[in-house]
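As stored in final_35.csv (CSV, N, CA and C atoms):
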chain,number,residue,atom,x,y,z
A,1,MET,N,0.8,-1.2,0.0
A,1,MET,CA,0.0,0.0,0.0
A,1,MET,C,0.9,1.2,0.0
A,2,GLY,N,0.5,2.2,-0.8
A,2,GLY,CA,1.3,3.4,-0.8
A,2,GLY,C,0.5,4.6,-1.4
A,3,ILE,N,1.0,5.7,-1.2
A,3,ILE,CA,0.4,7.0,-1.8
A,3,ILE,C,1.5,7.7,-2.5
A,4,THR,N,1.2,8.2,-3.6
A,4,THR,CA,2.2,9.0,-4.4
A,4,THR,C,1.6,10.4,-4.7
A,5,ALA,N,2.4,11.4,-4.5
A,5,ALA,CA,2.0,12.8,-4.8
A,5,ALA,C,3.1,13.5,-5.6
A,6,TYR,N,2.7,14.3,-6.5
A,6,TYR,CA,3.6,15.0,-7.4
A,6,TYR,C,3.3,16.5,-7.2
A,7,TYR,N,4.4,17.3,-7.0
A,7,TYR,CA,4.3,18.7,-6.9
A,7,TYR,C,5.3,19.4,-7.8
A,8,LEU,N,5.0,20.6,-8.3
A,8,LEU,CA,6.0,21.4,-8.9
A,8,LEU,C,6.8,22.1,-7.7
A,9,THR,N,8.1,22.2,-7.8
A,9,THR,CA,8.9,22.7,-6.8
A,9,THR,C,8.6,24.2,-6.5
A,10,SER,N,8.2,24.4,-5.3
A,10,SER,CA,7.9,25.8,-4.9
A,10,SER,C,7.8,25.8,-3.3
A,11,LEU,N,7.8,27.0,-2.8
A,11,LEU,CA,7.7,27.2,-1.3
A,11,LEU,C,6.3,26.7,-0.9
A,12,ARG,N,5.3,27.0,-1.7
A,12,ARG,CA,3.9,26.5,-1.4
A,12,ARG,C,3.9,25.0,-1.4
A,13,ALA,N,4.5,24.3,-2.3
A,13,ALA,CA,4.5,22.9,-2.4
A,13,ALA,C,5.3,22.3,-1.2
A,14,LEU,N,6.4,23.0,-0.8
A,14,LEU,CA,7.2,22.6,0.3
A,14,LEU,C,6.3,22.5,1.6
A,15,VAL,N,5.5,23.5,1.8
A,15,VAL,CA,4.6,23.5,3.0
A,15,VAL,C,3.7,22.3,2.9
A,16,SER,N,3.1,22.0,1.8
A,16,SER,CA,2.2,20.8,1.6
A,16,SER,C,3.0,19.6,1.9
A,17,VAL,N,4.2,19.4,1.4
A,17,VAL,CA,5.0,18.2,1.6
A,17,VAL,C,5.3,18.1,3.1
A,18,GLU,N,5.7,19.2,3.7
A,18,GLU,CA,6.0,19.1,5.2
A,18,GLU,C,4.8,18.7,6.0
A,19,THR,N,3.6,19.2,5.6
A,19,THR,CA,2.4,18.8,6.3
A,19,THR,C,2.1,17.3,6.2
A,20,ILE,N,2.2,16.8,4.9
A,20,ILE,CA,2.0,15.4,4.7
A,20,ILE,C,3.0,14.5,5.4
A,21,ILE,N,4.2,14.9,5.4
A,21,ILE,CA,5.2,14.1,6.1
A,21,ILE,C,5.0,14.1,7.6
A,22,ALA,N,4.6,15.3,8.2
A,22,ALA,CA,4.3,15.3,9.6
A,22,ALA,C,3.1,14.4,10.0
A,23,GLN,N,2.1,14.5,9.1
A,23,GLN,CA,0.9,13.6,9.4
A,23,GLN,C,1.3,12.1,9.2
A,24,THR,N,2.1,11.8,8.3
A,24,THR,CA,2.5,10.4,8.1
A,24,THR,C,3.4,9.9,9.2
A,25,GLU,N,4.3,10.8,9.7
A,25,GLU,CA,5.1,10.4,10.9
A,25,GLU,C,4.2,10.2,12.1
A,26,ALA,N,3.2,11.1,12.3
A,26,ALA,CA,2.2,10.9,13.4
A,26,ALA,C,1.5,9.6,13.3
A,27,LEU,N,1.0,9.3,12.1
A,27,LEU,CA,0.3,8.0,11.9
A,27,LEU,C,1.2,6.8,12.2
A,28,ARG,N,2.4,6.9,11.8
A,28,ARG,CA,3.4,5.8,12.0
A,28,ARG,C,3.7,5.7,13.5
A,29,ASP,N,3.8,6.8,14.2
A,29,ASP,CA,4.1,6.7,15.6
A,29,ASP,C,2.9,6.3,16.5
A,30,SER,N,1.7,6.5,16.0
A,30,SER,CA,0.5,6.3,16.8
A,30,SER,C,-0.2,5.0,16.6
A,31,ASP,N,0.2,4.3,15.5
A,31,ASP,CA,-0.6,3.1,15.1
A,31,ASP,C,0.5,2.0,14.6
A,32,LEU,N,0.6,1.0,15.4
A,32,LEU,CA,1.6,-0.1,15.1
A,32,LEU,C,1.4,-0.7,13.7
A,33,ARG,N,0.2,-0.6,13.2
A,33,ARG,CA,0.0,-1.2,11.8
A,33,ARG,C,0.8,-0.4,10.8
A,34,PHE,N,1.2,0.8,11.1
A,34,PHE,CA,1.9,1.6,10.1
A,34,PHE,C,3.4,1.9,10.6
A,35,ASN,N,3.9,1.2,11.5
A,35,ASN,CA,5.3,1.5,12.0
A,35,ASN,C,6.4,1.3,11.0
A,36,ALA,N,6.1,0.5,10.0
A,36,ALA,CA,7.1,0.2,8.9
A,36,ALA,C,6.8,1.1,7.7
A,37,LEU,N,5.9,2.0,7.8
A,37,LEU,CA,5.5,2.8,6.6
A,37,LEU,C,6.7,3.7,6.2
A,38,GLY,N,7.1,3.5,5.0
A,38,GLY,CA,8.3,4.3,4.4
A,38,GLY,C,7.8,5.6,3.8
A,39,ILE,N,8.7,6.6,3.8
A,39,ILE,CA,8.5,7.9,3.2
A,39,ILE,C,9.6,8.1,2.2
A,40,GLY,N,9.2,8.2,0.9
A,40,GLY,CA,10.1,8.5,-0.1
A,40,GLY,C,9.9,9.9,-0.7
A,41,LEU,N,11.0,10.6,-0.8
A,41,LEU,CA,10.9,12.0,-1.3
A,41,LEU,C,12.1,12.2,-2.2
A,42,ALA,N,11.8,12.8,-3.4
A,42,ALA,CA,12.8,13.1,-4.4
A,42,ALA,C,12.3,14.3,-5.2
A,43,GLU,N,13.3,15.0,-5.8
A,43,GLU,CA,12.9,16.1,-6.7
A,43,GLU,C,13.6,15.9,-8.0
A,44,GLY,N,12.9,16.2,-9.1
A,44,GLY,CA,13.5,16.1,-10.4
A,44,GLY,C,12.4,16.2,-11.5
A,45,GLU,N,12.9,16.1,-12.7
A,45,GLU,CA,12.0,16.2,-13.8
A,45,GLU,C,11.2,14.9,-14.0
A,46,LEU,N,9.9,15.0,-14.5
A,46,LEU,CA,9.1,13.9,-14.8
A,46,LEU,C,8.5,14.1,-16.1
A,47,ILE,N,8.1,13.0,-16.8
A,47,ILE,CA,7.4,13.1,-18.0
A,47,ILE,C,5.9,12.7,-17.6
A,48,ALA,N,5.0,13.6,-18.0
A,48,ALA,CA,3.6,13.4,-17.6
A,48,ALA,C,2.7,14.2,-18.6
A,49,GLU,N,1.4,14.0,-18.5
A,49,GLU,CA,0.4,14.8,-19.2
A,49,GLU,C,-0.3,15.7,-18.2
A,50,PHE,N,-0.3,17.0,-18.6
A,50,PHE,CA,-0.9,18.0,-17.8
A,50,PHE,C,-2.1,18.7,-18.5
A,51,ASP,N,-3.1,19.2,-17.6
A,51,ASP,CA,-4.2,19.9,-18.2
A,51,ASP,C,-3.8,21.4,-18.4
A,52,TRP,N,-4.7,22.2,-18.8
A,52,TRP,CA,-4.3,23.6,-19.2
A,52,TRP,C,-4.0,24.4,-17.9
A,53,LEU,N,-4.4,23.9,-16.7
A,53,LEU,CA,-4.0,24.5,-15.4
A,53,LEU,C,-2.7,24.1,-14.9
A,54,GLY,N,-2.1,23.1,-15.6
A,54,GLY,CA,-0.8,22.6,-15.1
A,54,GLY,C,-0.9,21.5,-14.1
A,55,ARG,N,-2.1,20.9,-14.0
A,55,ARG,CA,-2.3,19.8,-13.1
A,55,ARG,C,-2.2,18.5,-13.9
A,56,LEU,N,-1.8,17.4,-13.2
A,56,LEU,CA,-1.8,16.1,-13.9
A,56,LEU,C,-3.2,15.8,-14.4
A,57,LYS,N,-3.2,15.3,-15.7
A,57,LYS,CA,-4.5,14.9,-16.3
A,57,LYS,C,-5.0,13.7,-15.6
A,58,LYS,N,-6.3,13.7,-15.3
A,58,LYS,CA,-6.9,12.5,-14.8
A,58,LYS,C,-6.9,11.4,-15.8
A,59,ASN,N,-6.8,10.2,-15.4
A,59,ASN,CA,-6.8,9.0,-16.2
A,59,ASN,C,-5.6,9.0,-17.3
A,60,SER,N,-4.6,9.7,-17.0
A,60,SER,CA,-3.4,9.7,-17.9
A,60,SER,C,-2.4,8.7,-17.3
A,61,ILE,N,-1.3,8.6,-18.0
A,61,ILE,CA,-0.2,7.7,-17.6
A,61,ILE,C,0.4,8.2,-16.3
A,62,THR,N,0.9,7.3,-15.4
A,62,THR,CA,1.6,7.7,-14.2
A,62,THR,C,2.9,8.4,-14.6
A,63,PRO,N,3.2,9.6,-14.0
A,63,PRO,CA,4.4,10.3,-14.4
A,63,PRO,C,5.6,9.3,-14.2
A,64,VAL,N,6.5,9.5,-15.1
A,64,VAL,CA,7.8,8.6,-15.1
A,64,VAL,C,9.0,9.5,-15.1
A,65,GLY,N,10.0,9.0,-14.5
A,65,GLY,CA,11.3,9.8,-14.5
A,65,GLY,C,12.2,9.2,-13.4
A,66,ILE,N,13.4,9.7,-13.4
A,66,ILE,CA,14.4,9.2,-12.4
A,66,ILE,C,13.9,9.6,-11.0
A,67,SER,N,13.3,10.7,-10.8
A,67,SER,CA,12.9,11.1,-9.4
A,67,SER,C,11.9,10.2,-8.8
A,68,THR,N,11.0,9.6,-9.7
A,68,THR,CA,10.0,8.6,-9.2
A,68,THR,C,10.8,7.4,-8.7
A,69,ASN,N,11.7,6.9,-9.4
A,69,ASN,CA,12.5,5.8,-9.0
A,69,ASN,C,13.3,6.1,-7.7
A,70,GLU,N,13.9,7.3,-7.6
A,70,GLU,CA,14.6,7.7,-6.4
A,70,GLU,C,13.7,7.7,-5.2
A,71,ALA,N,12.5,8.3,-5.3
A,71,ALA,CA,11.6,8.4,-4.2
A,71,ALA,C,11.2,7.0,-3.7
A,72,LEU,N,10.9,6.0,-4.7
A,72,LEU,CA,10.6,4.7,-4.3
A,72,LEU,C,11.8,4.0,-3.5
A,73,GLY,N,13.0,4.2,-4.0
A,73,GLY,CA,14.2,3.7,-3.3
A,73,GLY,C,14.4,4.3,-2.0
A,74,HIS,N,14.1,5.6,-1.9
A,74,HIS,CA,14.3,6.3,-0.6
A,74,HIS,C,13.3,5.9,0.4
A,75,ALA,N,12.2,5.4,0.0
A,75,ALA,CA,11.1,5.0,1.0
A,75,ALA,C,11.6,3.8,1.8
A,76,LYS,N,12.6,3.1,1.2
A,76,LYS,CA,13.2,1.9,1.9
A,76,LYS,C,14.3,2.3,2.9
A,77,GLU,N,14.8,3.6,2.8
A,77,GLU,CA,15.8,4.1,3.7
A,77,GLU,C,15.1,5.0,4.7
A,78,PRO,N,15.0,4.5,6.0
A,78,PRO,CA,14.1,5.2,6.9
A,78,PRO,C,14.3,6.7,7.1
A,79,GLN,N,15.5,7.2,7.0
A,79,GLN,CA,15.7,8.6,7.3
A,79,GLN,C,16.1,9.5,6.1
A,80,LYS,N,16.1,8.8,4.9
A,80,LYS,CA,16.6,9.5,3.7
A,80,LYS,C,15.7,10.7,3.4
A,81,TYR,N,14.4,10.6,3.6
A,81,TYR,CA,13.5,11.7,3.3
A,81,TYR,C,13.8,13.0,4.0
A,82,LYS,N,14.3,12.8,5.3
A,82,LYS,CA,14.7,14.0,6.1
A,82,LYS,C,15.8,14.8,5.4
A,83,GLU,N,16.8,14.0,4.9
A,83,GLU,CA,17.9,14.7,4.2
A,83,GLU,C,17.5,15.4,3.0
A,84,THR,N,16.6,14.8,2.2
A,84,THR,CA,16.1,15.4,1.0
A,84,THR,C,15.3,16.6,1.3
A,85,LEU,N,14.4,16.5,2.4
A,85,LEU,CA,13.6,17.7,2.8
A,85,LEU,C,14.5,18.8,3.3
A,86,ARG,N,15.6,18.6,4.0
A,86,ARG,CA,16.5,19.6,4.4
A,86,ARG,C,17.1,20.3,3.3
A,87,ILE,N,17.5,19.6,2.3
A,87,ILE,CA,18.1,20.2,1.1
A,87,ILE,C,17.1,21.0,0.3
A,88,LEU,N,15.9,20.6,0.2
A,88,LEU,CA,14.8,21.3,-0.5
A,88,LEU,C,14.6,22.6,0.3
A,89,ARG,N,14.5,22.6,1.6
A,89,ARG,CA,14.2,23.8,2.4
A,89,ARG,C,15.3,24.8,2.2
A,90,GLU,N,16.6,24.3,2.3
A,90,GLU,CA,17.7,25.3,2.2
A,90,GLU,C,17.7,25.9,0.8
A,91,ARG,N,17.5,25.1,-0.2
A,91,ARG,CA,17.5,25.7,-1.6
A,91,ARG,C,16.4,26.6,-1.9
A,92,LEU,N,15.2,26.3,-1.4
A,92,LEU,CA,14.0,27.1,-1.7
A,92,LEU,C,14.1,28.4,-0.9
A,93,HIS,N,14.5,28.3,0.3
A,93,HIS,CA,14.6,29.5,1.2
A,93,HIS,C,15.7,30.4,0.7
A,94,GLU,N,16.8,29.9,0.1
A,94,GLU,CA,17.9,30.7,-0.5
A,94,GLU,C,17.4,31.4,-1.7
A,95,SER,N,16.5,30.8,-2.5
A,95,SER,CA,16.1,31.4,-3.7
A,95,SER,C,15.1,32.6,-3.4
A,96,VAL,N,14.5,32.6,-2.2
A,96,VAL,CA,13.7,33.7,-1.8
A,96,VAL,C,14.5,34.9,-1.3
A,97,SER,N,15.6,34.6,-0.6
A,97,SER,CA,16.4,35.6,0.0
A,97,SER,C,17.1,36.5,-1.0
Could you spell out this file's structure in structure tokens?
Amino acid sequence: MGITAYYLTSLRALVSVETIIAQTEALRDSDLRFNALGIGLAEGELIAEFDWLGRLKKNSITPVGISTNEALGHAKEPQKYKETLRILRERLHESVS
């Protein structure tokens, strides 16, 4: 079982990702059924079909790219997502400064 989310890299997306990660960690900590739940996080280019608003088209192919594979691999490394999240935070906050 798993959930996949795709975002364009931005400060707004970072807030959403941080919220989802916090909620996932809380679920993992509060319910033993989810204690082995992995979190995979990666950034990079994807090939996908988008609608005119820039959202993924419904019923289209699943986005493909190296970052998808990286995220799946990172989900098997318990703390890897924290490192990726730290790098994203630093880079995005530097770009605003």
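Pairwise distance (CA of Val15 (chain A), CA of Glu45 (chain A)) equals 19.8 Å.
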Among listed residues A:Phe34, A:Ile39, A:Thr9, A:Arg28, nearest Lys76 (chain A) (using all atoms listed in the file): A:Ile39
Residues of region 1-84 of chain A in helix (DSSP H, G or I) according to DSSP, as a VMD selection string? chain A and resid 11 to 30 32 to 34 66 to 74 80 to 84
Please list as a compact mmCIF listing (two decimals) with N, CA and C atoms, in the coordinates of the input every residue within 8 Å of region 49-57 of chain A, counting only N, CA and C atoms and excluding residues in the same chain fewer than 6 positions away.
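Now in part32.txt:
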# COMPACT_ATOMS: atom_id res chain seq x y z
N TYR A 6 2.70 14.30 -6.50
CA TYR A 6 3.60 15.00 -7.40
C TYR A 6 3.30 16.50 -7.20
N PRO A 63 3.20 9.60 -14.00
CA PRO A 63 4.40 10.30 -14.40
C PRO A 63 5.60 9.30 -14.20
N VAL A 64 6.50 9.50 -15.10
CA VAL A 64 7.80 8.60 -15.10
C VAL A 64 9.00 9.50 -15.10
Of A:Leu88, A:Thr4, A:Ser95, A:Ala71, the one nearest to Ala42 (chain A) when counting only N, CA and C atoms is A:Ala71
Only N, CA, C and O atoms needed: put region 19-55 of chain A from the block into a file as a tab-separated table (two decimals), in the first residue's frame.
chain	number	residue	atom	x	y	z
A	19	THR	N	3.65	19.17	5.62
A	19	THR	CA	2.42	18.80	6.33
A	19	THR	C	2.13	17.31	6.15
A	19	THR	O	1.82	16.61	7.13
A	20	ILE	N	2.23	16.82	4.93
A	20	ILE	CA	1.98	15.41	4.66
A	20	ILE	C	2.97	14.53	5.41
A	20	ILE	O	2.60	13.51	6.00
A	21	ILE	N	4.23	14.93	5.42
A	21	ILE	CA	5.25	14.15	6.12
A	21	ILE	C	4.96	14.14	7.62
A	21	ILE	O	5.03	13.09	8.26
A	22	ALA	N	4.61	15.28	8.20
A	22	ALA	CA	4.30	15.34	9.63
A	22	ALA	C	3.11	14.44	9.97
A	22	ALA	O	3.12	13.72	10.98
A	23	GLN	N	2.09	14.46	9.12
A	23	GLN	CA	0.92	13.61	9.35
A	23	GLN	C	1.27	12.13	9.21
A	23	GLN	O	0.78	11.29	9.97
A	24	THR	N	2.13	11.82	8.26
A	24	THR	CA	2.55	10.43	8.06
A	24	THR	C	3.37	9.95	9.24
A	24	THR	O	3.19	8.82	9.73
A	25	GLU	N	4.28	10.79	9.73
A	25	GLU	CA	5.07	10.42	10.91
A	25	GLU	C	4.18	10.21	12.13
A	25	GLU	O	4.40	9.27	12.90
A	26	ALA	N	3.17	11.07	12.30
A	26	ALA	CA	2.25	10.92	13.43
A	26	ALA	C	1.48	9.61	13.33
A	26	ALA	O	1.29	8.91	14.34
A	27	LEU	N	1.03	9.26	12.13
A	27	LEU	CA	0.33	7.99	11.92
A	27	LEU	C	1.24	6.82	12.24
A	27	LEU	O	0.86	5.89	12.95
A	28	ARG	N	2.45	6.90	11.76
A	28	ARG	CA	3.43	5.82	11.99
A	28	ARG	C	3.71	5.66	13.48
A	28	ARG	O	3.85	4.55	13.98
A	29	ASP	N	3.78	6.79	14.20
A	29	ASP	CA	4.10	6.74	15.64
A	29	ASP	C	2.91	6.33	16.50
A	29	ASP	O	3.09	5.82	17.61
A	30	SER	N	1.70	6.54	16.01
A	30	SER	CA	0.51	6.30	16.84
A	30	SER	C	-0.19	4.97	16.57
A	30	SER	O	-1.04	4.57	17.35
A	31	ASP	N	0.15	4.31	15.48
A	31	ASP	CA	-0.56	3.08	15.11
A	31	ASP	C	0.45	2.04	14.65
A	31	ASP	O	1.11	2.22	13.62
A	32	LEU	N	0.58	0.98	15.42
A	32	LEU	CA	1.58	-0.05	15.12
A	32	LEU	C	1.41	-0.68	13.74
A	32	LEU	O	2.37	-1.19	13.18
A	33	ARG	N	0.22	-0.63	13.18
A	33	ARG	CA	0.02	-1.19	11.85
A	33	ARG	C	0.84	-0.44	10.80
A	33	ARG	O	1.11	-0.96	9.72
A	34	PHE	N	1.23	0.80	11.10
A	34	PHE	CA	1.95	1.63	10.14
A	34	PHE	C	3.40	1.91	10.56
A	34	PHE	O	4.05	2.77	9.98
A	35	ASN	N	3.92	1.18	11.54
A	35	ASN	CA	5.26	1.49	12.03
A	35	ASN	C	6.36	1.26	11.00
A	35	ASN	O	7.45	1.81	11.13
A	36	ALA	N	6.11	0.48	9.98
A	36	ALA	CA	7.11	0.24	8.94
A	36	ALA	C	6.83	1.06	7.67
A	36	ALA	O	7.46	0.85	6.64
A	37	LEU	N	5.90	2.01	7.77
A	37	LEU	CA	5.54	2.83	6.62
A	37	LEU	C	6.72	3.68	6.19
A	37	LEU	O	7.28	4.43	6.98
A	38	GLY	N	7.13	3.52	4.95
A	38	GLY	CA	8.25	4.29	4.43
A	38	GLY	C	7.81	5.61	3.83
A	38	GLY	O	6.67	5.75	3.38
A	39	ILE	N	8.72	6.57	3.83
A	39	ILE	CA	8.46	7.87	3.21
A	39	ILE	C	9.56	8.09	2.19
A	39	ILE	O	10.74	8.10	2.52
A	40	GLY	N	9.17	8.24	0.94
A	40	GLY	CA	10.13	8.49	-0.13
A	40	GLY	C	9.93	9.90	-0.66
A	40	GLY	O	8.80	10.32	-0.91
A	41	LEU	N	11.01	10.62	-0.81
A	41	LEU	CA	10.94	12.00	-1.28
A	41	LEU	C	12.09	12.23	-2.25
A	41	LEU	O	13.23	11.88	-1.96
A	42	ALA	N	11.78	12.80	-3.40
A	42	ALA	CA	12.80	13.12	-4.39
A	42	ALA	C	12.32	14.31	-5.20
A	42	ALA	O	11.13	14.60	-5.25
A	43	GLU	N	13.26	14.98	-5.82
A	43	GLU	CA	12.93	16.11	-6.68
A	43	GLU	C	13.59	15.89	-8.03
A	43	GLU	O	14.72	15.42	-8.10
A	44	GLY	N	12.89	16.24	-9.08
A	44	GLY	CA	13.46	16.12	-10.40
A	44	GLY	C	12.40	16.20	-11.47
A	44	GLY	O	11.22	16.36	-11.20
A	45	GLU	N	12.86	16.07	-12.68
A	45	GLU	CA	11.96	16.16	-13.83
A	45	GLU	C	11.17	14.88	-14.02
A	45	GLU	O	11.67	13.79	-13.74
A	46	LEU	N	9.94	15.05	-14.47
A	46	LEU	CA	9.08	13.92	-14.78
A	46	LEU	C	8.45	14.12	-16.14
A	46	LEU	O	8.26	15.25	-16.59
A	47	ILE	N	8.12	13.02	-16.77
A	47	ILE	CA	7.37	13.07	-18.02
A	47	ILE	C	5.93	12.73	-17.65
A	47	ILE	O	5.67	11.70	-17.03
A	48	ALA	N	5.01	13.63	-18.00
A	48	ALA	CA	3.61	13.43	-17.63
A	48	ALA	C	2.72	14.24	-18.56
A	48	ALA	O	3.20	15.07	-19.34
A	49	GLU	N	1.42	14.00	-18.45
A	49	GLU	CA	0.43	14.77	-19.20
A	49	GLU	C	-0.26	15.73	-18.23
A	49	GLU	O	-0.73	15.31	-17.17
A	50	PHE	N	-0.31	17.01	-18.62
A	50	PHE	CA	-0.90	18.03	-17.77
A	50	PHE	C	-2.11	18.66	-18.46
A	50	PHE	O	-2.17	18.74	-19.68
A	51	ASP	N	-3.05	19.16	-17.64
A	51	ASP	CA	-4.17	19.90	-18.20
A	51	ASP	C	-3.76	21.36	-18.39
A	51	ASP	O	-2.63	21.73	-18.07
A	52	TRP	N	-4.67	22.18	-18.84
A	52	TRP	CA	-4.33	23.56	-19.15
A	52	TRP	C	-4.04	24.39	-17.90
A	52	TRP	O	-3.46	25.47	-17.98
A	53	LEU	N	-4.37	23.86	-16.70
A	53	LEU	CA	-4.04	24.54	-15.45
A	53	LEU	C	-2.72	24.05	-14.86
A	53	LEU	O	-2.32	24.49	-13.79
A	54	GLY	N	-2.05	23.14	-15.56
A	54	GLY	CA	-0.78	22.62	-15.08
A	54	GLY	C	-0.90	21.47	-14.11
A	54	GLY	O	0.08	21.07	-13.48
A	55	ARG	N	-2.10	20.92	-13.96
A	55	ARG	CA	-2.30	19.77	-13.09
A	55	ARG	C	-2.18	18.49	-13.91
A	55	ARG	O	-2.43	18.49	-15.11
